[in-house]
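Asks: Enclosed is the structure file upload.cif (mmCIF, C-alpha atoms).
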```
data_query
loop_
_atom_site.group_PDB
_atom_site.id
_atom_site.type_symbol
_atom_site.label_atom_id
_atom_site.label_comp_id
_atom_site.auth_asym_id
_atom_site.auth_seq_id
_atom_site.Cartn_x
_atom_site.Cartn_y
_atom_site.Cartn_z
ATOM 1 C CA MET A 8 -8.500 36.103 -8.560
ATOM 2 C CA SER A 9 -10.618 33.809 -6.394
ATOM 3 C CA ALA A 10 -9.531 30.381 -5.230
ATOM 4 C CA PRO A 11 -11.146 27.374 -6.880
ATOM 5 C CA PRO A 12 -13.953 25.751 -4.909
ATOM 6 C CA PRO A 13 -12.836 22.954 -2.595
ATOM 7 C CA ALA A 14 -13.024 19.426 -3.922
ATOM 8 C CA PRO A 15 -15.981 17.453 -2.578
ATOM 9 C CA VAL A 16 -15.355 14.919 0.183
ATOM 10 C CA ARG A 17 -16.289 11.482 -1.130
ATOM 11 C CA GLU A 18 -14.924 7.989 -1.595
ATOM 12 C CA PRO A 19 -12.423 7.662 -4.450
ATOM 13 C CA ALA A 20 -13.750 5.833 -7.514
ATOM 14 C CA TRP A 21 -10.985 3.352 -8.414
ATOM 15 C CA SER A 22 -9.616 0.192 -6.837
ATOM 16 C CA LEU A 23 -5.989 -0.821 -7.121
ATOM 17 C CA SER A 24 -4.940 -3.379 -9.728
ATOM 18 C CA ARG A 25 -6.160 -6.913 -8.937
ATOM 19 C CA SER A 26 -2.518 -7.994 -9.276
ATOM 20 C CA ALA A 27 -1.950 -6.260 -5.928
ATOM 21 C CA ILE A 28 -3.658 -9.232 -4.264
ATOM 22 C CA GLY A 29 -1.034 -11.579 -5.714
ATOM 23 C CA LEU A 30 1.755 -9.257 -4.606
ATOM 24 C CA TRP A 31 0.401 -9.056 -1.052
ATOM 25 C CA VAL A 32 -0.086 -12.849 -0.928
ATOM 26 C CA THR A 33 3.512 -13.374 -2.079
ATOM 27 C CA GLN A 34 4.822 -10.979 0.567
ATOM 28 C CA ALA A 35 2.692 -12.708 3.219
ATOM 29 C CA VAL A 36 3.914 -16.174 2.184
ATOM 30 C CA LEU A 37 7.521 -15.013 2.492
ATOM 31 C CA GLY A 38 6.841 -13.480 5.911
ATOM 32 C CA THR A 39 5.102 -16.653 7.090
ATOM 33 C CA VAL A 40 8.017 -18.788 5.877
ATOM 34 C CA VAL A 41 10.431 -16.601 7.865
ATOM 35 C CA TYR A 42 8.351 -17.066 11.035
ATOM 36 C CA ALA A 43 8.063 -20.818 10.372
ATOM 37 C CA VAL A 44 11.849 -21.129 10.009
ATOM 38 C CA ILE A 45 12.410 -19.180 13.240
ATOM 39 C CA VAL A 46 9.906 -21.323 15.171
ATOM 40 C CA ALA A 47 11.245 -24.582 13.683
ATOM 41 C CA THR A 48 14.818 -23.582 14.514
ATOM 42 C CA ALA A 49 13.818 -22.748 18.085
ATOM 43 C CA ILE A 50 11.989 -26.080 18.465
ATOM 44 C CA VAL A 51 15.005 -28.018 17.168
ATOM 45 C CA LEU A 52 17.639 -26.116 19.149
ATOM 46 C CA VAL A 53 15.875 -25.772 22.511
ATOM 47 C CA PRO A 54 16.447 -28.844 24.716
ATOM 48 C CA VAL A 55 13.324 -30.719 25.805
ATOM 49 C CA ASP A 56 14.210 -30.236 29.478
ATOM 50 C CA ALA A 57 14.916 -26.490 29.183
ATOM 51 C CA GLY A 58 11.922 -25.478 31.246
ATOM 52 C CA TRP A 59 8.185 -25.288 31.653
ATOM 53 C CA TRP A 60 7.824 -23.135 28.525
ATOM 54 C CA VAL A 61 9.143 -25.775 26.068
ATOM 55 C CA PRO A 62 5.702 -27.367 25.499
ATOM 56 C CA LEU A 63 4.341 -23.852 24.962
ATOM 57 C CA LEU A 64 7.004 -23.279 22.307
ATOM 58 C CA ARG A 65 6.415 -26.680 20.689
ATOM 59 C CA TRP A 66 2.631 -26.229 20.464
ATOM 60 C CA GLY A 67 2.169 -22.478 20.568
ATOM 61 C CA GLY A 68 4.878 -21.641 18.022
ATOM 62 C CA PRO A 69 3.386 -23.680 15.157
ATOM 63 C CA ALA A 70 -0.140 -22.553 16.134
ATOM 64 C CA PHE A 71 1.019 -18.928 15.942
ATOM 65 C CA VAL A 72 2.611 -19.471 12.517
ATOM 66 C CA LEU A 73 -0.548 -21.201 11.247
ATOM 67 C CA LEU A 74 -2.827 -18.421 12.510
ATOM 68 C CA TYR A 75 -0.474 -15.743 11.177
ATOM 69 C CA GLY A 76 -0.421 -17.440 7.768
ATOM 70 C CA ILE A 77 -4.206 -17.769 7.592
ATOM 71 C CA VAL A 78 -4.725 -14.087 8.391
ATOM 72 C CA THR A 79 -1.897 -12.605 6.313
ATOM 73 C CA ILE A 80 -2.252 -14.913 3.302
ATOM 74 C CA GLY A 81 -5.961 -15.682 3.245
ATOM 75 C CA VAL A 82 -7.692 -12.631 4.698
ATOM 76 C CA ARG A 83 -5.581 -9.473 4.664
ATOM 77 C CA PRO A 84 -4.764 -9.190 0.921
ATOM 78 C CA ARG A 85 -8.412 -9.404 -0.139
ATOM 79 C CA LEU A 86 -9.516 -7.028 2.589
ATOM 80 C CA ARG A 87 -6.796 -4.524 1.645
ATOM 81 C CA TYR A 88 -7.898 -4.711 -1.974
ATOM 82 C CA ARG A 89 -11.488 -3.896 -1.015
ATOM 83 C CA VAL A 90 -10.589 -0.860 1.094
ATOM 84 C CA HIS A 91 -7.687 0.791 -0.799
ATOM 85 C CA ARG A 92 -9.022 3.237 -3.376
ATOM 86 C CA TRP A 93 -7.765 6.159 -5.443
ATOM 87 C CA GLU A 94 -8.928 8.737 -7.970
ATOM 88 C CA VAL A 95 -7.582 11.692 -9.908
ATOM 89 C CA THR A 96 -9.985 14.488 -10.827
ATOM 90 C CA ALA A 97 -9.474 17.895 -12.399
ATOM 91 C CA GLU A 98 -9.129 19.390 -8.904
ATOM 92 C CA ALA A 99 -7.387 16.787 -6.744
ATOM 93 C CA VAL A 100 -5.835 13.393 -6.100
ATOM 94 C CA TYR A 101 -7.843 11.270 -3.660
ATOM 95 C CA THR A 102 -6.573 8.234 -1.764
ATOM 96 C CA LEU A 103 -8.295 6.044 0.794
ATOM 97 C CA THR A 104 -6.155 3.522 2.678
ATOM 98 C CA GLY A 105 -6.211 1.359 5.769
ATOM 99 C CA TRP A 106 -8.408 -1.464 6.921
ATOM 100 C CA LEU A 107 -8.352 -0.891 10.669
ATOM 101 C CA THR A 108 -7.515 2.806 10.679
ATOM 102 C CA ARG A 109 -8.917 4.485 7.564
ATOM 103 C CA THR A 110 -6.885 7.369 6.099
ATOM 104 C CA TRP A 111 -8.548 9.576 3.514
ATOM 105 C CA THR A 112 -6.201 11.975 1.713
ATOM 106 C CA LEU A 113 -7.030 14.748 -0.726
ATOM 107 C CA VAL A 114 -4.201 16.533 -2.529
ATOM 108 C CA PRO A 115 -5.227 19.614 -4.527
ATOM 109 C CA ILE A 116 -3.530 19.722 -7.935
ATOM 110 C CA SER A 117 -2.196 23.179 -7.041
ATOM 111 C CA ARG A 118 -0.141 21.655 -4.173
ATOM 112 C CA ILE A 119 1.690 19.082 -6.324
ATOM 113 C CA GLN A 120 5.429 19.679 -6.670
ATOM 114 C CA THR A 121 6.676 16.478 -8.311
ATOM 115 C CA VAL A 122 5.227 13.192 -9.503
ATOM 116 C CA ASP A 123 7.290 9.995 -9.614
ATOM 117 C CA VAL A 124 6.619 6.422 -10.686
ATOM 118 C CA ASN A 125 8.384 3.808 -8.539
ATOM 119 C CA ARG A 126 8.622 0.047 -9.068
ATOM 120 C CA GLY A 127 9.926 -2.246 -6.357
ATOM 121 C CA VAL A 128 11.205 -5.751 -7.062
ATOM 122 C CA PHE A 129 7.897 -7.476 -6.306
ATOM 123 C CA GLN A 130 5.964 -4.802 -8.177
ATOM 124 C CA GLN A 131 8.100 -5.477 -11.244
ATOM 125 C CA LEU A 132 7.306 -9.208 -10.999
ATOM 126 C CA PHE A 133 3.583 -8.431 -10.907
ATOM 127 C CA GLY A 134 3.615 -5.624 -13.519
ATOM 128 C CA LEU A 135 2.745 -2.940 -10.965
ATOM 129 C CA ALA A 136 4.004 0.531 -10.060
ATOM 130 C CA THR A 137 3.438 3.206 -7.410
ATOM 131 C CA VAL A 138 2.677 6.827 -8.248
ATOM 132 C CA ALA A 139 4.311 9.090 -5.650
ATOM 133 C CA VAL A 140 2.953 12.642 -5.459
ATOM 134 C CA LEU A 141 5.215 15.047 -3.544
ATOM 135 C CA THR A 142 3.213 17.964 -2.207
ATOM 136 C CA ALA A 143 3.911 21.407 -0.813
ATOM 137 C CA SER A 144 2.321 20.492 2.507
ATOM 138 C CA SER A 145 3.159 18.886 5.815
ATOM 139 C CA GLN A 146 1.598 15.638 4.532
ATOM 140 C CA GLY A 147 4.673 15.107 2.354
ATOM 141 C CA THR A 148 4.438 12.393 -0.277
ATOM 142 C CA VAL A 149 1.119 10.753 -1.074
ATOM 143 C CA ARG A 150 1.387 7.358 -2.748
ATOM 144 C CA VAL A 151 -1.034 5.516 -4.991
ATOM 145 C CA PRO A 152 0.420 1.995 -4.827
ATOM 146 C CA HIS A 153 0.045 -1.071 -7.001
ATOM 147 C CA LEU A 154 -1.332 0.363 -10.218
ATOM 148 C CA GLU A 155 -0.706 -1.365 -13.529
ATOM 149 C CA VAL A 156 2.458 0.107 -15.067
ATOM 150 C CA ASP A 157 0.747 1.762 -18.049
ATOM 151 C CA VAL A 158 -1.958 3.239 -15.798
ATOM 152 C CA ALA A 159 0.695 4.570 -13.393
ATOM 153 C CA ARG A 160 2.604 6.224 -16.235
ATOM 154 C CA ARG A 161 -0.554 7.836 -17.645
ATOM 155 C CA VAL A 162 -1.595 9.072 -14.189
ATOM 156 C CA ALA A 163 1.879 10.488 -13.485
ATOM 157 C CA ASP A 164 2.058 12.237 -16.876
ATOM 158 C CA ASP A 165 -1.445 13.639 -16.442
ATOM 159 C CA LEU A 166 -0.751 14.906 -12.911
ATOM 160 C CA ALA A 167 2.553 16.499 -13.919
ATOM 161 C CA ARG A 168 0.861 18.240 -16.859
ATOM 162 C CA ARG A 169 -2.023 19.489 -14.696
ATOM 163 C CA ALA A 170 0.347 20.728 -11.983
ATOM 164 C CA ASP A 171 2.363 22.629 -14.611
ATOM 165 C CA LEU A 172 -0.821 24.236 -15.947
ATOM 166 C CA VAL A 173 -1.861 25.334 -12.461
ATOM 167 C CA ARG A 174 1.620 26.785 -11.789
ATOM 168 C CA ASP A 175 1.551 28.616 -15.143
ATOM 169 C CA GLU A 176 -1.863 30.104 -14.308
ATOM 170 C CA ALA A 177 -0.622 31.260 -10.900
ATOM 171 C CA THR A 178 2.270 33.283 -12.360
#
```
Would you write the structure of this file as structure tokens?

Replies:
Amino acid sequence: MSAPPPAPVREPAWSLSRSAIGLWVTQAVLGTVVYAVIVATAIVLVPVDAGWWVPLLRWGGPAFVLLYGIVTIGVRPRLRYRVHRWEVTAEAVYTLTGWLTRTWTLVPISRIQTVDVNRGVFQQLFGLATVAVLTASSQGTVRVPHLEVDVARRVADDLARRADLVRDEAT
């Protein structure tokens, strides 16, 4: 019996759910608030005459928090949404992630061992889920994050069914 032809190398067809932008913005706001509290606490607790670096802390700290907030709240979520993609075909699961370092992953259906649907706290608030595909390879688990819950369940059911069919054909 001959092996199936390799899946073509191409960009996956689907974007993540648009709700992922809201989730990423929420996470970024919380992270920015944590940094703001740390900087504000340092400004309040550090004596004015503590050293030459106090003005740097008083001006540089808030500037850092502002810049961090602009990038992580205003830029990064929309950029991540544009570059994260996924697709499931008859032959494979494709994912494309990363906005500075791009990672393209192809998982042949025949390599799938288990398929899980996970929902973190923030994902539950935004109606999202992650499909985790455990493979029989050194790559380990491949995740398709931030899909709408019903889409994630359909994808997981479909992948599990296809993987079972491939295993049945191999025996």

Asks: Run the PyMOL selection byres ((chain A and resi 21-34) around 8) on the file and write out the hits as a VMD selection string.

Replies: chain A and resid 19 to 20 35 to 38 79 to 81 84 to 85 88 to 89 91 to 94 129 to 130 133 to 135 152 to 155

Asks: With 8 Å added on each side, what axis-aligned box encloses every listed atom of segment 28-44 of chain A? Give the centre and edge lengths in Å to one decimal, as lines of an AutoDock Vina configuration file.

Replies:
```
center_x = 4.1
center_y = -15.1
center_z = 2.7
size_x = 31.5
size_y = 28.1
size_z = 32.7
```

Asks: If you apply the PyMOL selection byres ((chain A and resi 165-167) around 12) to this file, what residues do you get, as a compact mmCIF listing (two decimals) with C-alpha atoms, keeping the file's coordinate frame?

Replies:
```txt
# COMPACT_ATOMS: atom_id res chain seq x y z
CA GLU A 94 -8.93 8.74 -7.97
CA VAL A 95 -7.58 11.69 -9.91
CA THR A 96 -9.98 14.49 -10.83
CA ALA A 97 -9.47 17.90 -12.40
CA GLU A 98 -9.13 19.39 -8.90
CA ALA A 99 -7.39 16.79 -6.74
CA VAL A 100 -5.84 13.39 -6.10
CA VAL A 114 -4.20 16.53 -2.53
CA PRO A 115 -5.23 19.61 -4.53
CA ILE A 116 -3.53 19.72 -7.94
CA SER A 117 -2.20 23.18 -7.04
CA ARG A 118 -0.14 21.66 -4.17
CA ILE A 119 1.69 19.08 -6.32
CA GLN A 120 5.43 19.68 -6.67
CA THR A 121 6.68 16.48 -8.31
CA VAL A 122 5.23 13.19 -9.50
CA ASP A 123 7.29 9.99 -9.61
CA VAL A 124 6.62 6.42 -10.69
CA VAL A 138 2.68 6.83 -8.25
CA ALA A 139 4.31 9.09 -5.65
CA VAL A 140 2.95 12.64 -5.46
CA LEU A 141 5.22 15.05 -3.54
CA THR A 142 3.21 17.96 -2.21
CA VAL A 158 -1.96 3.24 -15.80
CA ALA A 159 0.70 4.57 -13.39
CA ARG A 160 2.60 6.22 -16.24
CA ARG A 161 -0.55 7.84 -17.64
CA VAL A 162 -1.60 9.07 -14.19
CA ALA A 163 1.88 10.49 -13.48
CA ASP A 164 2.06 12.24 -16.88
CA ARG A 168 0.86 18.24 -16.86
CA ARG A 169 -2.02 19.49 -14.70
CA ALA A 170 0.35 20.73 -11.98
CA ASP A 171 2.36 22.63 -14.61
CA LEU A 172 -0.82 24.24 -15.95
CA VAL A 173 -1.86 25.33 -12.46
CA ARG A 174 1.62 26.78 -11.79
```

Asks: Suppose a student applies the PyMOL selection byres ((chain A and resi 109) around 12) to this structure; what residues should they get, written as a CSV table (one decimal) with C-alpha atoms, keeping the file's coordinate frame?

Replies:
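Just written: out31.csv:
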```csv
chain,number,residue,atom,x,y,z
A,18,GLU,CA,-14.9,8.0,-1.6
A,87,ARG,CA,-6.8,-4.5,1.6
A,90,VAL,CA,-10.6,-0.9,1.1
A,91,HIS,CA,-7.7,0.8,-0.8
A,92,ARG,CA,-9.0,3.2,-3.4
A,102,THR,CA,-6.6,8.2,-1.8
A,103,LEU,CA,-8.3,6.0,0.8
A,104,THR,CA,-6.2,3.5,2.7
A,105,GLY,CA,-6.2,1.4,5.8
A,106,TRP,CA,-8.4,-1.5,6.9
A,107,LEU,CA,-8.4,-0.9,10.7
A,108,THR,CA,-7.5,2.8,10.7
A,110,THR,CA,-6.9,7.4,6.1
A,111,TRP,CA,-8.5,9.6,3.5
A,112,THR,CA,-6.2,12.0,1.7
```

Asks: In Å, with one decimal, what is the gap from atom CA of Ser144 of chain A to atom CA of Asp157 of chain A?

Replies: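 Taking atom CA of Ser144 of chain A and atom CA of Asp157 of chain A, their separation equals 27.9 Å.
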
Asks: Work out how far apart atom CA of Val78 of chain A and atom CA of Thr39 of chain A are and give it in Å to one decimal.

Replies: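 Straight-line distance from atom CA of Val78 of chain A to atom CA of Thr39 of chain A works out to 10.2 Å.
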